[in-house]
$ cat query39.txt   # compact mmCIF, C-alpha atoms
# COMPACT_ATOMS: atom_id res chain seq x y z
CA MET A 8 36.95 -67.47 -55.47
CA LYS A 9 38.64 -70.72 -56.49
CA PRO A 10 42.34 -70.98 -55.57
CA GLU A 11 43.29 -71.65 -59.22
CA LEU A 12 41.53 -68.52 -60.44
CA LYS A 13 42.92 -66.48 -57.59
CA ARG A 14 46.44 -67.63 -58.41
CA PHE A 15 45.92 -66.87 -62.11
CA LEU A 16 44.71 -63.35 -61.38
CA TYR A 17 47.62 -62.83 -59.01
CA ASN A 18 50.13 -63.88 -61.67
CA VAL A 19 48.49 -61.56 -64.21
CA TRP A 20 48.74 -58.65 -61.76
CA LYS A 21 52.34 -59.55 -60.96
CA THR A 22 53.28 -59.60 -64.65
CA LEU A 23 51.49 -56.29 -65.15
CA ALA A 24 53.44 -54.76 -62.26
CA ILE A 25 56.72 -55.86 -63.86
CA LEU A 26 55.69 -54.41 -67.23
CA LEU A 27 54.58 -51.15 -65.63
CA ILE A 28 57.90 -50.47 -63.91
CA PRO A 29 59.61 -49.15 -67.08
CA LEU A 30 56.62 -46.87 -67.71
CA ILE A 31 56.74 -45.61 -64.13
CA ILE A 32 60.47 -44.91 -64.41
CA LEU A 33 60.11 -43.18 -67.78
CA THR A 34 57.07 -41.03 -66.96
CA LEU A 35 58.43 -40.12 -63.52
CA THR A 36 61.81 -39.08 -64.92
CA LEU A 37 60.17 -37.08 -67.70
CA SER A 38 57.92 -35.32 -65.18
CA ILE A 39 60.93 -34.34 -63.07
CA LEU A 40 63.04 -33.10 -65.99
CA ILE A 41 60.17 -31.16 -67.57
CA ASN A 42 59.88 -29.18 -64.32
CA CYS A 43 63.63 -28.80 -63.72
CA GLN A 44 64.40 -25.14 -64.38
CA TRP A 45 68.11 -25.83 -63.79
CA LEU A 46 68.16 -28.00 -66.92
CA TYR A 47 66.68 -25.19 -69.01
CA GLU A 48 69.11 -22.62 -67.65
CA LYS A 49 72.17 -24.83 -68.13
CA GLY A 50 71.13 -25.29 -71.75
CA PHE A 51 70.75 -21.52 -72.21
CA GLU A 52 74.22 -21.01 -70.76
CA LYS A 53 75.95 -23.81 -72.67
CA TYR A 54 74.54 -22.85 -76.07
CA GLU A 55 74.93 -19.08 -75.51
CA ILE A 56 71.26 -18.37 -76.05
CA SER A 57 71.54 -14.90 -74.54
CA GLN A 58 74.09 -13.82 -77.14
CA LYS A 59 72.11 -15.41 -79.99
CA THR A 60 68.71 -13.98 -79.08
CA GLY A 61 69.53 -10.67 -77.41
CA PHE A 62 67.65 -11.58 -74.23
CA THR A 63 69.49 -11.32 -70.94
CA PRO A 64 70.13 -14.39 -68.74
CA VAL A 65 67.54 -13.05 -66.28
CA GLN A 66 64.98 -12.78 -69.07
CA LEU A 67 65.77 -16.33 -70.15
CA GLU A 68 65.20 -17.47 -66.57
CA THR A 69 61.80 -15.81 -66.79
CA ALA A 70 61.14 -17.64 -70.06
CA ALA A 71 62.03 -20.97 -68.46
CA SER A 72 59.84 -20.40 -65.41
CA THR A 73 56.96 -19.23 -67.62
CA LEU A 74 57.19 -22.38 -69.74
CA ILE A 75 57.24 -24.63 -66.67
CA SER A 76 54.30 -22.76 -65.17
CA TYR A 77 52.37 -23.02 -68.45
CA PHE A 78 52.89 -26.79 -68.60
CA ASN A 79 51.27 -27.09 -65.18
CA ASN A 80 48.50 -24.48 -65.19
CA GLY A 81 45.07 -24.34 -66.78
CA GLU A 82 45.90 -21.82 -69.51
CA GLU A 83 45.23 -23.02 -73.05
CA TYR A 84 47.84 -20.79 -74.71
CA ILE A 85 51.12 -19.39 -73.48
CA ASP A 86 51.73 -15.63 -73.44
CA LEU A 87 55.39 -14.78 -72.91
CA GLN A 88 56.27 -11.09 -72.98
CA LEU A 89 59.89 -9.93 -72.73
CA GLU A 90 61.54 -6.56 -73.27
CA LYS A 91 63.81 -6.15 -76.29
CA ASP A 92 65.30 -2.92 -77.64
CA GLY A 93 63.28 -0.98 -75.08
CA ILE A 94 59.87 -2.38 -75.98
CA ASP A 95 57.82 -5.37 -74.81
CA VAL A 96 57.60 -8.08 -77.45
CA THR A 97 55.51 -11.23 -77.69
CA VAL A 98 58.21 -13.90 -77.84
CA PHE A 99 56.35 -16.76 -79.48
CA LYS A 100 54.50 -16.50 -82.78
CA GLU A 101 51.18 -18.22 -83.48
CA ARG A 102 52.78 -21.39 -84.86
CA GLU A 103 55.02 -21.74 -81.79
CA ILE A 104 52.09 -21.13 -79.45
CA LEU A 105 50.03 -23.83 -81.16
CA HIS A 106 52.94 -26.25 -80.99
CA LEU A 107 53.42 -25.55 -77.28
CA LYS A 108 49.72 -26.27 -76.78
CA ASP A 109 50.30 -29.69 -78.35
CA VAL A 110 53.39 -30.21 -76.19
CA LYS A 111 51.37 -29.35 -73.09
CA GLY A 112 48.79 -31.96 -74.09
CA LEU A 113 51.51 -34.63 -74.24
CA ILE A 114 52.90 -33.52 -70.88
CA LEU A 115 49.47 -33.81 -69.27
CA LEU A 116 49.12 -37.24 -70.86
CA ASN A 117 52.47 -38.17 -69.33
CA TYR A 118 51.23 -37.07 -65.90
CA LEU A 119 48.06 -39.12 -66.36
CA ALA A 120 50.04 -42.19 -67.44
CA LEU A 121 52.30 -41.82 -64.40
CA GLY A 122 49.30 -41.66 -62.07
CA ILE A 123 47.63 -44.72 -63.58
CA CYS A 124 50.86 -46.74 -63.57
CA LEU A 125 51.58 -45.82 -59.96
CA LEU A 126 48.03 -46.78 -58.99
CA LEU A 127 48.17 -50.19 -60.68
CA GLY A 128 51.80 -51.01 -59.90
CA GLY A 129 51.70 -49.59 -56.39
CA GLY A 130 48.48 -51.48 -55.74
CA PHE A 131 50.31 -54.76 -56.30
CA PHE A 132 52.94 -53.96 -53.67
CA LEU A 133 50.22 -52.72 -51.30
CA TYR A 134 48.51 -56.07 -51.75
CA LEU A 135 51.74 -57.88 -50.83
CA TYR A 136 52.11 -55.67 -47.77
CA LEU A 137 48.56 -56.33 -46.58
CA LYS A 138 49.05 -60.08 -46.94
CA LYS A 139 51.77 -59.91 -44.26
CA GLN A 140 53.34 -63.20 -45.30
CA ALA A 141 57.09 -63.75 -45.21
CA GLY A 142 57.17 -65.17 -48.72
CA ARG A 143 55.64 -61.97 -50.10
CA VAL A 144 58.80 -60.04 -49.21
CA LYS A 145 60.86 -62.18 -51.54
CA GLU A 146 58.13 -61.92 -54.16
CA ALA A 147 58.25 -58.12 -54.01
CA GLY A 148 62.03 -58.21 -54.38
CA ILE A 149 61.81 -60.45 -57.44
CA VAL A 150 59.28 -58.14 -59.08
CA LEU A 151 61.52 -55.12 -58.48
CA ILE A 152 64.56 -56.92 -59.90
CA GLN A 153 62.71 -58.14 -62.97
CA GLY A 154 61.08 -54.76 -63.52
CA GLY A 155 64.43 -52.99 -63.18
CA MET A 156 66.09 -55.37 -65.64
CA PHE A 157 63.23 -54.98 -68.10
CA SER A 158 63.57 -51.19 -67.79
CA LEU A 159 67.29 -51.31 -68.57
CA LEU A 160 66.75 -53.54 -71.59
CA LEU A 161 63.74 -51.72 -73.04
CA LEU A 162 64.63 -48.11 -72.29
CA GLY A 163 68.34 -48.76 -72.82
CA GLY A 164 67.54 -50.12 -76.28
CA ILE A 165 65.53 -47.02 -77.13
CA GLY A 166 68.39 -44.85 -75.84
CA LEU A 167 70.88 -46.70 -78.03
CA ILE A 168 68.73 -46.06 -81.09
CA ALA A 169 68.60 -42.37 -80.21
CA MET A 170 72.38 -42.17 -79.80
CA LEU A 171 73.10 -43.85 -83.14
CA ASP A 172 71.03 -41.36 -85.16
CA PHE A 173 69.56 -38.65 -82.97
CA GLN A 174 68.16 -36.52 -85.79
CA THR A 175 66.15 -39.39 -87.26
CA PHE A 176 64.99 -40.45 -83.79
CA PHE A 177 63.98 -36.87 -82.93
CA THR A 178 62.07 -36.44 -86.21
CA ARG A 179 60.22 -39.75 -85.90
CA LEU A 180 59.34 -38.95 -82.31
CA HIS A 181 57.67 -35.74 -83.48
CA LEU A 182 55.89 -37.49 -86.34
CA LEU A 183 54.55 -40.02 -83.83
CA GLY A 184 53.59 -37.49 -81.16
CA PHE A 185 52.04 -34.73 -83.26
CA SER A 186 49.28 -34.89 -85.84
CA ASN A 187 50.24 -31.57 -87.46
CA ALA A 188 53.34 -29.77 -88.72
CA PHE A 189 53.44 -26.93 -86.19
CA TRP A 190 56.69 -28.40 -84.82
CA LEU A 191 58.48 -27.53 -88.10
CA LEU A 192 59.86 -24.14 -87.07
CA ASP A 193 62.49 -21.80 -88.48
CA PRO A 194 65.65 -21.66 -86.31
CA ALA A 195 66.49 -18.27 -87.81
CA LYS A 196 63.16 -16.66 -86.88
CA ASP A 197 61.38 -18.69 -84.21
CA TYR A 198 62.55 -18.19 -80.63
CA LEU A 199 61.32 -21.59 -79.49
CA VAL A 200 63.94 -23.28 -81.65
CA MET A 201 66.55 -20.66 -80.73
CA PHE A 202 65.93 -21.29 -77.03
CA PHE A 203 66.14 -25.07 -77.43
CA PRO A 204 68.56 -26.05 -80.22
CA ARG A 205 69.32 -29.63 -81.19
CA GLY A 206 72.23 -29.81 -78.74
CA PHE A 207 69.89 -29.06 -75.84
CA TRP A 208 67.71 -32.04 -76.75
CA GLU A 209 70.71 -34.33 -77.16
CA ASP A 210 71.96 -33.30 -73.70
CA SER A 211 68.49 -33.71 -72.20
CA THR A 212 68.15 -37.16 -73.71
CA LEU A 213 71.49 -38.11 -72.15
CA VAL A 214 70.36 -36.80 -68.75
CA LEU A 215 67.11 -38.72 -69.17
CA GLY A 216 68.98 -41.93 -69.98
CA ILE A 217 71.33 -41.61 -67.02
CA SER A 218 68.45 -40.85 -64.66
CA ILE A 219 66.50 -43.85 -65.92
CA GLY A 220 69.55 -46.07 -65.46
CA VAL A 221 70.08 -44.86 -61.89
CA LEU A 222 66.42 -45.45 -60.99
CA ALA A 223 66.37 -48.90 -62.57
CA VAL A 224 69.57 -50.01 -60.83
CA SER A 225 68.30 -48.58 -57.53
CA LEU A 226 65.11 -50.63 -57.85
CA MET A 227 67.12 -53.74 -58.62
CA ALA A 228 69.34 -53.13 -55.59
CA GLY A 229 66.30 -52.64 -53.39
CA GLY A 230 64.76 -55.80 -54.78
CA TRP A 231 67.94 -57.74 -54.06
CA LEU A 232 67.86 -56.60 -50.43
CA LEU A 233 64.23 -57.72 -50.11
CA ARG A 234 64.91 -61.19 -51.45
CA LYS A 235 66.64 -62.48 -48.31
CA PRO A 236 65.67 -60.34 -45.31
CA ALA A 237 66.42 -61.45 -41.81
CA ARG A 238 63.31 -63.12 -40.35
CA SER A 239 63.20 -60.73 -37.44
CA ASP A 240 63.33 -57.74 -39.81
CA LEU A 241 60.48 -58.71 -42.13
CA PRO A 242 58.63 -55.51 -43.13
CA PHE A 243 55.44 -57.39 -44.09
$ encode --input "query39.txt" --output "structure tokens"
Amino acid sequence: MKPELKRFLYNVWKTLAILLIPLIILTLTLSILINCQWLYEKGFEKYEISQKTGFTPVQLETAASTLISYFNNGEEYIDLQLEKDGIDVTVFKEREILHLKDVKGLILLNYLALGICLLLGGGFFLYLYLKKQAGRVKEAGIVLIQGGMFSLLLLGGIGLIAMLDFQTFFTRLHLLGFSNAFWLLDPAKDYLVMFFPRGFWEDSTLVLGISIGVLAVSLMAGGWLLRKPARSDLPF
């Protein structure tokens, strides 16, 4: 391969790695929070879901673990049964079940996107490692710094939009993510909305933003350390 073409392809891959870093941070953070039962339970406690629904805190813990399990198993539809007034009841109605199926599809898409981004972005850093050249250490550091900065600007901008008008942001996000109206539920009748009121999503978005910021800054700090390593400590 000609050196000019090789250099061009390298620069394309480098640029792609920088652009993929925000996607890696976002999809990774989403994957962690989706599976964080503590986040669900803190929301139940803060918004007094037990008092509003009649389910005990233990039952709500079961609901949270069932949802997390459903998002990660091969079942097409969720079946959540809880006891209320001495009888077992099916918690979610058909409309809620269909919406959760759509949500699961997006979660699986998020997992897939994370895997692809890690493969492509991680492949670039693996390439730098295999080259075992001193200059590649600095190159890796620069990519991490630029990717971290791009993440803060891009994802921080989206976060700012969400903070300014969360309801509009939340609605448009649903219009973009779902091709049907199953997500339009009744907060007075549908447990899915009772379990996760607007405040829960505002808090979760804040946690997501903080987590993204921490990851981005950590990458930038790591990149800064890689820029000027001692020659005797070169990892590549």
$ closest_residue --input "query39.txt" --among "A:Leu115, A:Leu126, A:Leu105, A:Leu180" --to "Ile41 (chain A)" --atoms "only C-alpha atoms"
A:Leu115
$ closest_residue --input "query39.txt" --among "A:Arg102, A:Lys138, A:Lys111, A:Arg143" --to "Leu192 (chain A)" --atoms "all atoms listed in the file"
A:Arg102
$ closest_residue --input "query39.txt" --among "A:Trp208, A:Tyr134, A:Tyr198, A:Phe203" --to "Glu101 (chain A)" --atoms "all atoms listed in the file"
A:Tyr198
$ atom_distance --input "query39.txt" --atom1 "CA of Phe62 (chain A)" --atom2 "CA of Gln44 (chain A)"
17.1 Å
$ atom_distance --input "query39.txt" --atom1 "CA of Gly148 (chain A)" --atom2 "CA of Leu233 (chain A)"
4.8 Å
$ atom_distance --input "query39.txt" --atom1 "CA of Gly206 (chain A)" --atom2 "CA of Lys108 (chain A)"
22.9 Å
$ closest_residue --input "query39.txt" --among "A:Arg205, A:Lys13, A:His181, A:Lys53" --to "Asp109 (chain A)" --atoms "all atoms listed in the file"
A:His181
$ build_atoms --input "query39.txt" --residues "region 10-21 of chain A" --atoms "all heavy atoms" --output "mmCIF file, keeping the file's coordinate frame"
data_model
loop_
_atom_site.group_PDB
_atom_site.id
_atom_site.type_symbol
_atom_site.label_atom_id
_atom_site.label_comp_id
_atom_site.auth_asym_id
_atom_site.auth_seq_id
_atom_site.Cartn_x
_atom_site.Cartn_y
_atom_site.Cartn_z
ATOM 1 N N PRO A 10 40.902 -71.235 -55.704
ATOM 2 C CA PRO A 10 42.340 -70.980 -55.570
ATOM 3 C C PRO A 10 43.058 -70.866 -56.914
ATOM 4 O O PRO A 10 43.967 -70.043 -57.069
ATOM 5 C CB PRO A 10 42.837 -72.189 -54.777
ATOM 6 C CG PRO A 10 41.634 -72.665 -54.030
ATOM 7 C CD PRO A 10 40.479 -72.401 -54.929
ATOM 8 N N GLU A 11 42.639 -71.693 -57.906
ATOM 9 C CA GLU A 11 43.290 -71.650 -59.220
ATOM 10 C C GLU A 11 43.068 -70.314 -59.907
ATOM 11 O O GLU A 11 43.992 -69.726 -60.477
ATOM 12 C CB GLU A 11 42.769 -72.784 -60.108
ATOM 13 C CG GLU A 11 43.081 -74.183 -59.619
ATOM 14 C CD GLU A 11 42.106 -74.658 -58.546
ATOM 15 O OE1 GLU A 11 41.133 -73.901 -58.246
ATOM 16 O OE2 GLU A 11 42.316 -75.746 -57.998
ATOM 17 N N LEU A 12 41.840 -69.812 -59.834
ATOM 18 C CA LEU A 12 41.530 -68.520 -60.440
ATOM 19 C C LEU A 12 42.231 -67.392 -59.705
ATOM 20 O O LEU A 12 42.753 -66.457 -60.329
ATOM 21 C CB LEU A 12 40.017 -68.297 -60.437
ATOM 22 C CG LEU A 12 39.528 -66.945 -61.002
ATOM 23 C CD1 LEU A 12 39.989 -66.782 -62.450
ATOM 24 C CD2 LEU A 12 38.016 -66.829 -60.887
ATOM 25 N N LYS A 13 42.254 -67.494 -58.396
ATOM 26 C CA LYS A 13 42.920 -66.480 -57.590
ATOM 27 C C LYS A 13 44.405 -66.408 -57.916
ATOM 28 O O LYS A 13 44.979 -65.323 -58.043
ATOM 29 C CB LYS A 13 42.712 -66.783 -56.105
ATOM 30 C CG LYS A 13 43.227 -65.705 -55.172
ATOM 31 C CD LYS A 13 42.890 -66.032 -53.726
ATOM 32 C CE LYS A 13 43.387 -64.935 -52.790
ATOM 33 N NZ LYS A 13 43.074 -65.244 -51.371
ATOM 34 N N ARG A 14 45.017 -67.588 -58.071
ATOM 35 C CA ARG A 14 46.440 -67.630 -58.410
ATOM 36 C C ARG A 14 46.695 -67.074 -59.803
ATOM 37 O O ARG A 14 47.677 -66.364 -60.043
ATOM 38 C CB ARG A 14 46.944 -69.078 -58.331
ATOM 39 C CG ARG A 14 48.455 -69.222 -58.553
ATOM 40 C CD ARG A 14 49.211 -68.537 -57.444
ATOM 41 N NE ARG A 14 50.643 -68.502 -57.724
ATOM 42 C CZ ARG A 14 51.547 -67.885 -56.963
ATOM 43 N NH1 ARG A 14 51.153 -67.243 -55.867
ATOM 44 N NH2 ARG A 14 52.814 -67.896 -57.287
ATOM 45 N N PHE A 15 45.783 -67.381 -60.736
ATOM 46 C CA PHE A 15 45.920 -66.870 -62.110
ATOM 47 C C PHE A 15 45.844 -65.353 -62.119
ATOM 48 O O PHE A 15 46.667 -64.680 -62.764
ATOM 49 C CB PHE A 15 44.820 -67.469 -62.985
ATOM 50 C CG PHE A 15 44.750 -66.844 -64.355
ATOM 51 C CD1 PHE A 15 45.672 -67.179 -65.325
ATOM 52 C CD2 PHE A 15 43.746 -65.920 -64.649
ATOM 53 C CE1 PHE A 15 45.617 -66.594 -66.593
ATOM 54 C CE2 PHE A 15 43.689 -65.334 -65.904
ATOM 55 C CZ PHE A 15 44.625 -65.668 -66.875
ATOM 56 N N LEU A 16 44.857 -64.799 -61.417
ATOM 57 C CA LEU A 16 44.710 -63.350 -61.380
ATOM 58 C C LEU A 16 45.911 -62.684 -60.709
ATOM 59 O O LEU A 16 46.363 -61.612 -61.132
ATOM 60 C CB LEU A 16 43.419 -62.978 -60.642
ATOM 61 C CG LEU A 16 42.119 -63.375 -61.340
ATOM 62 C CD1 LEU A 16 40.922 -63.040 -60.454
ATOM 63 C CD2 LEU A 16 41.998 -62.673 -62.691
ATOM 64 N N TYR A 17 46.438 -63.348 -59.688
ATOM 65 C CA TYR A 17 47.620 -62.830 -59.010
ATOM 66 C C TYR A 17 48.805 -62.772 -59.961
ATOM 67 O O TYR A 17 49.544 -61.775 -60.008
ATOM 68 C CB TYR A 17 47.956 -63.698 -57.793
ATOM 69 C CG TYR A 17 49.279 -63.350 -57.157
ATOM 70 C CD1 TYR A 17 49.401 -62.264 -56.293
ATOM 71 C CD2 TYR A 17 50.431 -64.087 -57.441
ATOM 72 C CE1 TYR A 17 50.612 -61.934 -55.710
ATOM 73 C CE2 TYR A 17 51.648 -63.761 -56.878
ATOM 74 C CZ TYR A 17 51.733 -62.690 -56.015
ATOM 75 O OH TYR A 17 52.937 -62.355 -55.459
ATOM 76 N N ASN A 18 49.003 -63.834 -60.728
ATOM 77 C CA ASN A 18 50.130 -63.880 -61.670
ATOM 78 C C ASN A 18 49.985 -62.840 -62.773
ATOM 79 O O ASN A 18 50.980 -62.258 -63.226
ATOM 80 C CB ASN A 18 50.256 -65.278 -62.278
ATOM 81 C CG ASN A 18 50.807 -66.291 -61.293
ATOM 82 O OD1 ASN A 18 51.565 -65.943 -60.388
ATOM 83 N ND2 ASN A 18 50.420 -67.553 -61.445
ATOM 84 N N VAL A 19 48.739 -62.604 -63.213
ATOM 85 C CA VAL A 19 48.490 -61.560 -64.210
ATOM 86 C C VAL A 19 48.865 -60.196 -63.647
ATOM 87 O O VAL A 19 49.525 -59.384 -64.312
ATOM 88 C CB VAL A 19 47.015 -61.573 -64.667
ATOM 89 C CG1 VAL A 19 46.699 -60.337 -65.504
ATOM 90 C CG2 VAL A 19 46.716 -62.834 -65.456
ATOM 91 N N TRP A 20 48.448 -59.933 -62.415
ATOM 92 C CA TRP A 20 48.740 -58.650 -61.760
ATOM 93 C C TRP A 20 50.244 -58.496 -61.545
ATOM 94 O O TRP A 20 50.806 -57.416 -61.747
ATOM 95 C CB TRP A 20 47.992 -58.583 -60.435
ATOM 96 C CG TRP A 20 47.860 -57.195 -59.873
ATOM 97 C CD1 TRP A 20 48.225 -56.021 -60.459
ATOM 98 C CD2 TRP A 20 47.312 -56.840 -58.611
ATOM 99 N NE1 TRP A 20 47.941 -54.956 -59.658
ATOM 100 C CE2 TRP A 20 47.380 -55.430 -58.508
ATOM 101 C CE3 TRP A 20 46.756 -57.575 -57.561
ATOM 102 C CZ2 TRP A 20 46.930 -54.747 -57.382
ATOM 103 C CZ3 TRP A 20 46.295 -56.880 -56.439
ATOM 104 C CH2 TRP A 20 46.382 -55.497 -56.347
ATOM 105 N N LYS A 21 50.892 -59.580 -61.162
ATOM 106 C CA LYS A 21 52.340 -59.550 -60.960
ATOM 107 C C LYS A 21 53.064 -59.217 -62.259
ATOM 108 O O LYS A 21 53.983 -58.381 -62.284
ATOM 109 C CB LYS A 21 52.809 -60.901 -60.420
ATOM 110 C CG LYS A 21 54.323 -61.026 -60.289
ATOM 111 C CD LYS A 21 54.695 -62.429 -59.820
ATOM 112 C CE LYS A 21 56.201 -62.632 -59.827
ATOM 113 N NZ LYS A 21 56.579 -64.007 -59.419
#
